[in-house]
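Participant: Right, I'll just put the structure down here and ask away after.
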Amino acid sequence: MTETVLFERKDNLAILTLNRPDQLNSIDEDMRNRLQSLLRELSNDADVRVILLKGAGERAFCAGADIKGFGKVDSTAGYRNQRLDGHWIHTFETVRQPIVAAIHGYCLGGGLEIAMACDIRIASEDAQLALPEVTHGIIPGAGGTQRLARLIGMGPALYMTLSAERIPAAEAHRIGLVSKVVPRAELETAAEQLATKIAGFPPLATRYAKEAVKRGFEMPYGDGMALEIGLSTLLTTTEDRLEAAAAFREKRKPVFKGR
Ligand code: HXC
């Protein structure tokens with residue numbers, strides 16, 4: 001059986017590819033389980049400094065949940081399981097390393113919810129992003145209603161969530177939903193170059209930077225400041241900080257060890 005998520009290592013980079021291209025990489029149970037277990041494993045792997053997520057095939061990053069599998073569900077049992085841990089897409093946010101999403105083609109529903117749970121989004125010019133859940137009689141229930149408003153503000157988030165309209169990459173860039181738009185042919189290289197660049201930085205610094213911004217955003221200002229002081233002080237104790245300064249003084253390339 002073909003793997004629903006492909007996994008590849010390139011030095012300190014882990015590359016995950018959603019791999020159901022003939023179904024526009026829609027998320028079935030196997031893909032969901034495999035993504036979760038890979039992310040948990042990678043989060044604990046000190047050699048992995050950045051994770052890159054992309055979609056296989058020409059047409060989509062991910063067209064959302066597998067609608068063909070929609071049917072009657074036991075909502076109460078589901079709620080009991082998810083109540084404390086949140087939706088499975090939350091796993092992306094528990095990963096220590098930065099995650100870069102390379103988005104092409106359709107990025108819909110659960111696909112956009114996954115992309116929003118990543119830390120950096122780069123799109124190609126052909127990308128189309130939407131939350132069409134209401135058209136299916138549901139709402140974005142994997143964190144989408146919360147993450148979208150935090151990323152782009154309440155007004156645009158309500159527009160996208162209620163209108164279900166697909167927005168093109170350029171518009172997604174204008175409203176801050178993606179950080180960069182590149183031609184389709186350049187997406188993989190651009191995303192990999194960015195991920196490799198970040199993987200070349202001292203890994204504790206990039207992990208703590210992610211934690212400070214993401215966790216701090218959820219906190220009152222004073223608590224966020226305290227979190228920042230704690231993480232920033234911890235980083236002053238690392239060998240990599242001394243190595244960065246030494247390399248600067250000696251005009252050479254630094255070698256970081258993640259310590
Ligand atoms: C299952 C899907 C799918 C999906 C596409 N396919 N999206 N299968 N679930 N979400 C399948 C099609 O059935 C078809 O399979 C093949 O992929 C190619 O798609 P077509 O529809 O033939 O292509 P096209 O006519 O070009 O239309 C593309 C499309 C359309 C506009 C993206 O496929 C579409 O509207 N898909 C649904 C998008 C959506 O509403 N997503 C949100 C789901 S709700 P066959 O076998 O027929 O060739 C959601 C909730 C999140 O995500 C929950 C948390 C995770």
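Chain labels run A, B, ... following the order of the structure tokens; each chain numbers its residues from 1, and ligands are numbered from 1 in the order shown.
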What do you get as a compact mmCIF listing (two decimals) with all heavy atoms, in the first residue's frame if you pick all residues at most 7 Å from ligand 1, counting only C-alpha atoms and all ligand atoms?
Facilitator:
```
# COMPACT_ATOMS: atom_id res chain seq x y z
N ASP A 22 -4.25 11.56 -6.13
CA ASP A 22 -5.46 11.38 -6.96
C ASP A 22 -6.73 11.74 -6.19
O ASP A 22 -7.80 11.88 -6.78
CB ASP A 22 -5.53 9.94 -7.52
CG ASP A 22 -5.49 8.90 -6.43
OD1 ASP A 22 -5.07 9.25 -5.30
OD2 ASP A 22 -5.88 7.75 -6.67
N GLN A 23 -6.64 11.91 -4.89
CA GLN A 23 -7.76 12.39 -4.08
C GLN A 23 -7.44 13.78 -3.53
O GLN A 23 -7.91 14.19 -2.47
CB GLN A 23 -8.04 11.43 -2.92
CG GLN A 23 -8.41 10.01 -3.37
CD GLN A 23 -9.71 9.97 -4.17
OE1 GLN A 23 -10.74 10.47 -3.71
NE2 GLN A 23 -9.66 9.42 -5.38
N LEU A 24 -6.60 14.50 -4.25
CA LEU A 24 -6.17 15.86 -3.89
C LEU A 24 -5.65 15.94 -2.46
O LEU A 24 -5.86 16.92 -1.74
CB LEU A 24 -7.31 16.88 -4.12
CG LEU A 24 -7.91 16.89 -5.54
CD1 LEU A 24 -8.89 18.05 -5.70
CD2 LEU A 24 -6.85 16.97 -6.61
N SER A 26 -6.60 14.66 0.18
CA SER A 26 -7.58 14.79 1.28
C SER A 26 -7.19 13.82 2.40
O SER A 26 -6.55 12.80 2.17
CB SER A 26 -9.00 14.54 0.77
OG SER A 26 -9.07 13.29 0.10
N ILE A 27 -7.58 14.21 3.60
CA ILE A 27 -7.07 13.55 4.81
C ILE A 27 -7.96 12.39 5.22
O ILE A 27 -9.09 12.59 5.70
CB ILE A 27 -7.04 14.57 5.98
CG1 ILE A 27 -6.38 15.88 5.56
CG2 ILE A 27 -6.36 13.97 7.21
CD1 ILE A 27 -6.83 17.09 6.36
N ALA A 63 -6.95 19.05 -0.01
CA ALA A 63 -8.34 19.52 -0.22
C ALA A 63 -9.22 19.27 0.99
O ALA A 63 -10.44 19.27 0.89
CB ALA A 63 -8.93 18.88 -1.47
N GLY A 64 -8.61 19.05 2.16
CA GLY A 64 -9.42 18.94 3.39
C GLY A 64 -9.67 17.52 3.82
O GLY A 64 -9.04 16.57 3.33
N ALA A 65 -10.62 17.38 4.74
CA ALA A 65 -10.96 16.05 5.24
C ALA A 65 -11.55 15.21 4.11
O ALA A 65 -12.11 15.75 3.16
CB ALA A 65 -11.97 16.18 6.37
N ASP A 66 -11.39 13.91 4.23
CA ASP A 66 -11.92 12.98 3.23
C ASP A 66 -13.45 12.95 3.31
O ASP A 66 -14.03 12.26 4.14
CB ASP A 66 -11.34 11.58 3.49
CG ASP A 66 -11.85 10.56 2.49
OD1 ASP A 66 -12.57 10.95 1.55
OD2 ASP A 66 -11.52 9.38 2.66
N ILE A 67 -14.07 13.72 2.42
CA ILE A 67 -15.54 13.86 2.48
C ILE A 67 -16.21 12.53 2.18
O ILE A 67 -17.30 12.24 2.69
CB ILE A 67 -16.01 14.93 1.46
CG1 ILE A 67 -15.37 16.28 1.79
CG2 ILE A 67 -17.53 15.07 1.47
CD1 ILE A 67 -15.58 17.33 0.73
N LYS A 68 -15.53 11.70 1.37
CA LYS A 68 -16.14 10.41 1.03
C LYS A 68 -16.32 9.55 2.27
O LYS A 68 -17.17 8.66 2.29
CB LYS A 68 -15.28 9.68 0.00
CG LYS A 68 -15.38 10.32 -1.38
CD LYS A 68 -14.36 9.76 -2.33
CE LYS A 68 -14.41 10.48 -3.67
NZ LYS A 68 -13.14 10.48 -4.36
N TYR A 106 -5.02 23.54 -4.43
CA TYR A 106 -6.08 23.65 -3.42
C TYR A 106 -5.54 23.47 -2.01
O TYR A 106 -4.76 22.55 -1.73
CB TYR A 106 -7.16 22.60 -3.67
CG TYR A 106 -7.93 22.81 -4.95
CD1 TYR A 106 -7.84 21.90 -6.00
CD2 TYR A 106 -8.74 23.94 -5.11
CE1 TYR A 106 -8.53 22.11 -7.18
CE2 TYR A 106 -9.44 24.15 -6.29
CZ TYR A 106 -9.34 23.24 -7.32
OH TYR A 106 -10.03 23.45 -8.49
N LEU A 108 -7.71 23.57 1.25
CA LEU A 108 -9.10 23.77 1.64
C LEU A 108 -9.43 23.09 2.97
O LEU A 108 -8.89 22.02 3.27
CB LEU A 108 -10.04 23.20 0.55
CG LEU A 108 -9.75 23.63 -0.90
CD1 LEU A 108 -10.69 22.90 -1.87
CD2 LEU A 108 -9.90 25.13 -1.06
N GLY A 109 -10.35 23.69 3.70
CA GLY A 109 -10.88 23.05 4.91
C GLY A 109 -9.75 22.59 5.84
O GLY A 109 -8.89 23.39 6.23
N GLY A 110 -9.77 21.30 6.15
CA GLY A 110 -8.73 20.74 7.02
C GLY A 110 -7.33 20.97 6.49
O GLY A 110 -6.37 21.06 7.26
N GLY A 111 -7.18 21.11 5.16
CA GLY A 111 -5.87 21.40 4.58
C GLY A 111 -5.38 22.78 5.02
O GLY A 111 -4.22 22.95 5.39
N LEU A 131 -11.98 27.98 3.60
CA LEU A 131 -12.60 27.15 4.64
C LEU A 131 -14.04 26.90 4.21
O LEU A 131 -14.94 27.68 4.56
CB LEU A 131 -12.55 27.88 6.00
CG LEU A 131 -11.18 28.03 6.64
CD1 LEU A 131 -11.27 28.84 7.94
CD2 LEU A 131 -10.52 26.68 6.91
N PRO A 132 -14.30 25.84 3.43
CA PRO A 132 -15.66 25.59 2.92
C PRO A 132 -16.54 24.78 3.86
O PRO A 132 -17.60 24.30 3.44
CB PRO A 132 -15.40 24.82 1.62
CG PRO A 132 -14.05 24.22 1.77
CD PRO A 132 -13.34 24.87 2.90
N GLU A 133 -16.13 24.64 5.12
CA GLU A 133 -16.85 23.74 6.03
C GLU A 133 -18.34 24.01 6.12
O GLU A 133 -19.14 23.08 6.15
CB GLU A 133 -16.22 23.79 7.44
CG GLU A 133 -14.98 22.93 7.61
CD GLU A 133 -13.69 23.61 7.21
OE1 GLU A 133 -13.75 24.63 6.51
OE2 GLU A 133 -12.62 23.11 7.60
N HIS A 136 -20.71 22.22 4.08
CA HIS A 136 -20.93 20.81 4.41
C HIS A 136 -21.74 20.66 5.70
O HIS A 136 -21.87 19.55 6.24
CB HIS A 136 -19.60 20.08 4.59
CG HIS A 136 -18.72 20.09 3.37
ND1 HIS A 136 -19.02 19.37 2.22
CD2 HIS A 136 -17.57 20.75 3.09
CE1 HIS A 136 -18.07 19.58 1.31
NE2 HIS A 136 -17.19 20.41 1.82
N PRO A 140 -15.18 24.90 10.70
CA PRO A 140 -13.78 24.48 10.87
C PRO A 140 -13.61 24.09 12.35
O PRO A 140 -13.66 24.95 13.22
CB PRO A 140 -12.98 25.74 10.52
CG PRO A 140 -13.92 26.56 9.70
CD PRO A 140 -15.29 26.29 10.24
N GLY A 141 -13.44 22.82 12.58
CA GLY A 141 -13.46 22.33 13.97
C GLY A 141 -12.13 21.76 14.38
O GLY A 141 -12.03 21.06 15.39
N ALA A 142 -11.10 22.05 13.59
CA ALA A 142 -9.77 21.55 13.94
C ALA A 142 -8.87 22.72 14.30
O ALA A 142 -7.68 22.73 14.02
CB ALA A 142 -9.19 20.76 12.77
```
Participant: Just asking: which residues within range 60-191 of chain A are strand (DSSP E) according to DSSP, as a list in words?
Facilitator: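 Of range 60-191 of chain A, the ones in strand (DSSP E) are Ala60, Phe61, Cys62, Ile99, Val100, Ala101, Ala102, Ile103, Tyr106, Cys107, Leu108, Ile120, Arg121, Ile122, Ala123, Ser124, Gln128, Leu129, Ala130, Ile167, Pro168, Lys180, Val181 and Val182 of chain A.
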Participant: With N, CA and C atoms retained, could you export that selection as a compact mmCIF listing (two decimals), in the first residue's frame?
Facilitator:
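The result, written out as selection_5.txt:
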```txt
# COMPACT_ATOMS: atom_id res chain seq x y z
N ALA A 60 -2.91 19.92 -5.63
CA ALA A 60 -3.33 20.35 -4.29
C ALA A 60 -2.26 20.15 -3.23
N PHE A 61 -2.23 21.10 -2.31
CA PHE A 61 -1.53 20.85 -1.03
C PHE A 61 -2.40 19.86 -0.26
N CYS A 62 -3.67 20.21 -0.09
CA CYS A 62 -4.60 19.32 0.60
C CYS A 62 -6.02 19.88 0.49
N ILE A 99 7.90 24.56 11.71
CA ILE A 99 7.34 23.80 10.58
C ILE A 99 7.00 24.79 9.45
N VAL A 100 7.52 24.50 8.27
CA VAL A 100 7.25 25.35 7.09
C VAL A 100 6.27 24.60 6.19
N ALA A 101 5.18 25.25 5.77
CA ALA A 101 4.25 24.62 4.83
C ALA A 101 4.46 25.22 3.45
N ALA A 102 4.59 24.35 2.44
CA ALA A 102 4.71 24.78 1.05
C ALA A 102 3.36 24.47 0.38
N ILE A 103 2.62 25.52 0.05
CA ILE A 103 1.23 25.34 -0.39
C ILE A 103 1.07 25.60 -1.88
N TYR A 106 -5.02 23.54 -4.43
CA TYR A 106 -6.08 23.65 -3.42
C TYR A 106 -5.54 23.47 -2.01
N CYS A 107 -5.96 24.36 -1.15
CA CYS A 107 -5.62 24.28 0.28
C CYS A 107 -6.92 24.61 1.01
N LEU A 108 -7.71 23.57 1.25
CA LEU A 108 -9.10 23.77 1.64
C LEU A 108 -9.43 23.09 2.97
N ILE A 120 5.27 28.75 9.31
CA ILE A 120 5.49 29.63 8.17
C ILE A 120 4.78 29.02 6.97
N ARG A 121 4.07 29.85 6.22
CA ARG A 121 3.38 29.38 5.02
C ARG A 121 3.93 30.10 3.79
N ILE A 122 4.42 29.30 2.83
CA ILE A 122 4.82 29.85 1.54
C ILE A 122 3.88 29.26 0.51
N ALA A 123 3.37 30.08 -0.39
CA ALA A 123 2.42 29.57 -1.39
C ALA A 123 2.95 29.80 -2.79
N SER A 124 2.49 28.98 -3.73
CA SER A 124 2.78 29.27 -5.13
C SER A 124 1.60 30.04 -5.71
N GLN A 128 -5.02 28.18 -3.94
CA GLN A 128 -6.33 28.71 -3.60
C GLN A 128 -6.68 28.21 -2.21
N LEU A 129 -7.02 29.15 -1.34
CA LEU A 129 -7.23 28.80 0.06
C LEU A 129 -8.67 29.10 0.47
N ALA A 130 -9.25 28.19 1.24
CA ALA A 130 -10.63 28.42 1.68
C ALA A 130 -10.97 27.54 2.87
N ILE A 167 -9.80 32.01 -1.79
CA ILE A 167 -9.02 33.20 -2.10
C ILE A 167 -7.70 32.78 -2.75
N PRO A 168 -7.30 33.54 -3.79
CA PRO A 168 -6.05 33.20 -4.48
C PRO A 168 -4.83 33.59 -3.64
N LYS A 180 4.72 34.49 1.81
CA LYS A 180 5.46 34.69 0.57
C LYS A 180 4.73 33.97 -0.56
N VAL A 181 4.75 34.55 -1.76
CA VAL A 181 4.18 33.86 -2.93
C VAL A 181 5.26 33.77 -4.00
N VAL A 182 5.42 32.58 -4.56
CA VAL A 182 6.45 32.38 -5.59
C VAL A 182 5.81 31.67 -6.79
```
Participant: Quick one: pick out all alpha helix (DSSP H) residues within range 34-200 of chain A from a backbone DSSP run and write them as a ChimeraX atom specification.
Facilitator: /A:34-43,75-82,91-94,110-117,144-152,154-163,169-174,187-199
Participant: Taking only C-alpha atoms into account, name the residue in A:Leu194, A:Ile51, A:Val5, A:Ala149 that is nearest to Leu35 in chain A.
Facilitator: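 Among the listed residues, A:Val5 lies closest to Leu35 in chain A.
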Participant: Applying 8 Å and only C-alpha atoms, which residues near Thr91 in chain A remain after dropping the ones on its own chain fewer than 6 positions away? List them as a list in words.
Facilitator: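 Here the answer would be Gln36, Leu39 and Arg40 of chain A.
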Participant: For the selection you just gave me, I'd like the residues written to a file as a PDB file, in the first residue's frame, keeping all heavy atoms.
Facilitator:
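Written file, result-v6.pdb:
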```pdb
ATOM      1  N   GLN A  36       0.269  12.312  12.712  1.00  0.00           N
ATOM      2  CA  GLN A  36       0.427  12.508  14.157  1.00  0.00           C
ATOM      3  C   GLN A  36       1.623  11.748  14.698  1.00  0.00           C
ATOM      4  O   GLN A  36       2.414  12.287  15.466  1.00  0.00           O
ATOM      5  CB  GLN A  36      -0.822  12.028  14.898  1.00  0.00           C
ATOM      6  CG  GLN A  36      -1.956  12.999  14.815  1.00  0.00           C
ATOM      7  CD  GLN A  36      -3.054  12.611  15.783  1.00  0.00           C
ATOM      8  OE1 GLN A  36      -3.111  13.093  16.895  1.00  0.00           O
ATOM      9  NE2 GLN A  36      -3.913  11.708  15.355  1.00  0.00           N
ATOM     10  N   LEU A  39       4.918  13.328  13.525  1.00  0.00           N
ATOM     11  CA  LEU A  39       5.212  14.608  14.180  1.00  0.00           C
ATOM     12  C   LEU A  39       5.687  14.398  15.614  1.00  0.00           C
ATOM     13  O   LEU A  39       6.628  15.048  16.074  1.00  0.00           O
ATOM     14  CB  LEU A  39       3.969  15.517  14.162  1.00  0.00           C
ATOM     15  CG  LEU A  39       3.587  16.091  12.793  1.00  0.00           C
ATOM     16  CD1 LEU A  39       2.244  16.795  12.864  1.00  0.00           C
ATOM     17  CD2 LEU A  39       4.658  17.072  12.293  1.00  0.00           C
ATOM     18  N   ARG A  40       5.048  13.459  16.308  1.00  0.00           N
ATOM     19  CA  ARG A  40       5.461  13.198  17.701  1.00  0.00           C
ATOM     20  C   ARG A  40       6.894  12.678  17.743  1.00  0.00           C
ATOM     21  O   ARG A  40       7.690  13.073  18.590  1.00  0.00           O
ATOM     22  CB  ARG A  40       4.507  12.191  18.355  1.00  0.00           C
ATOM     23  CG  ARG A  40       3.152  12.809  18.621  1.00  0.00           C
ATOM     24  CD  ARG A  40       2.348  12.008  19.636  1.00  0.00           C
ATOM     25  NE  ARG A  40       1.033  12.597  19.778  1.00  0.00           N
ATOM     26  CZ  ARG A  40      -0.098  12.028  19.367  1.00  0.00           C
ATOM     27  NH1 ARG A  40      -0.075  10.828  18.818  1.00  0.00           N
ATOM     28  NH2 ARG A  40      -1.252  12.644  19.532  1.00  0.00           N
TER      29      ARG A  40
END
```
Participant: Within 9 Å of Arg184 in chain A, counting only C-alpha atoms, which residues show up once you throw out same-chain ones fewer than 4 positions away? Write them as a PyMOL selection string, please.
Facilitator: chain A and resi 104+123-127+188
Participant: Rounded to one decimal in Å, what is the spacing between CA of Ala56 in chain A and CA of Ser37 in chain A?
Facilitator: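 Taking CA of Ala56 in chain A as the start and CA of Ser37 in chain A as the end point, the length is 19.4 Å.
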Participant: Using only C-alpha atoms, which residues sit within 12 Å of Pro156 in chain A once same-chain residues fewer than 6 positions away are excluded, as a PDB file with C-alpha atoms, in the first residue's frame?
Facilitator:
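Everything below was put into out28.pdb:
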```
ATOM      1  CA  ALA A 130     -10.630  28.422   1.684  1.00  0.00           C
ATOM      2  CA  THR A 145     -12.053  29.271  13.704  1.00  0.00           C
ATOM      3  CA  LEU A 148      -7.646  32.185  11.347  1.00  0.00           C
ATOM      4  CA  ALA A 149      -8.858  35.143  13.421  1.00  0.00           C
ATOM      5  CA  ARG A 150      -5.549  35.193  15.296  1.00  0.00           C
ATOM      6  CA  LEU A 162     -18.935  32.442   6.397  1.00  0.00           C
ATOM      7  CA  SER A 163     -18.540  33.053   2.654  1.00  0.00           C
ATOM      8  CA  ALA A 164     -16.545  29.813   2.102  1.00  0.00           C
ATOM      9  CA  GLU A 165     -14.973  31.657  -0.840  1.00  0.00           C
ATOM     10  CA  ILE A 167      -9.019  33.204  -2.097  1.00  0.00           C
ATOM     11  CA  GLU A 171      -4.957  37.830  -1.736  1.00  0.00           C
ATOM     12  CA  ALA A 172      -3.817  35.367   0.938  1.00  0.00           C
ATOM     13  CA  ARG A 174      -2.140  40.608   1.152  1.00  0.00           C
ATOM     14  CA  ILE A 175      -4.108  39.614   4.261  1.00  0.00           C
ATOM     15  CA  GLY A 176      -1.124  37.913   5.897  1.00  0.00           C
ATOM     16  CA  LEU A 177      -2.365  34.337   5.616  1.00  0.00           C
TER      17      LEU A 177
END
```
Participant: Kindly give the distance, in Å, that separates CA of Arg96 in chain A and CA of Asn44 in chain A, rounded to a single decimal.
Facilitator: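 Atom-to-atom, CA of Arg96 in chain A and CA of Asn44 in chain A are spaced 7.9 Å apart.
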Participant: For each of A:Pro220, A:Ala46, A:Ser179, A:Asn81, take the minimum atom-to-atom distance to Ala115 in chain A, counting only C-alpha atoms, then give the residue where this is smallest.
Facilitator: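 With only C-alpha atoms as the atom set, the closest residue is A:Ser179.
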Participant: Neighbouring residues of Lys210 in chain A were defined as those with any atom within 9 Å, considering only C-alpha atoms; residues of the same chain fewer than 6 positions away were excluded. Please report them as JSON, numbers by chain.
Facilitator: {"A": [96, 97, 98, 119]}
Participant: Would you mind telling me which residue in A:Glu218, A:Glu8, A:Asp74, A:Glu58 lies nearest to Gly105 in chain A when using only C-alpha atoms?
Facilitator: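 Selected residue with least distance to Gly105 in chain A: A:Glu58.
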Participant: Record the distance separating CA of Val178 in chain A and CA of Met225 in chain A, expressed in Å with one decimal.
Facilitator: 26.4 Å
Participant: Using only C-alpha atoms, which of A:Lys257, A:Arg80, A:Arg49, A:His87 sits nearest Thr206 in chain A?
Facilitator: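 So, comparing all the options, the nearest one is A:Arg49.
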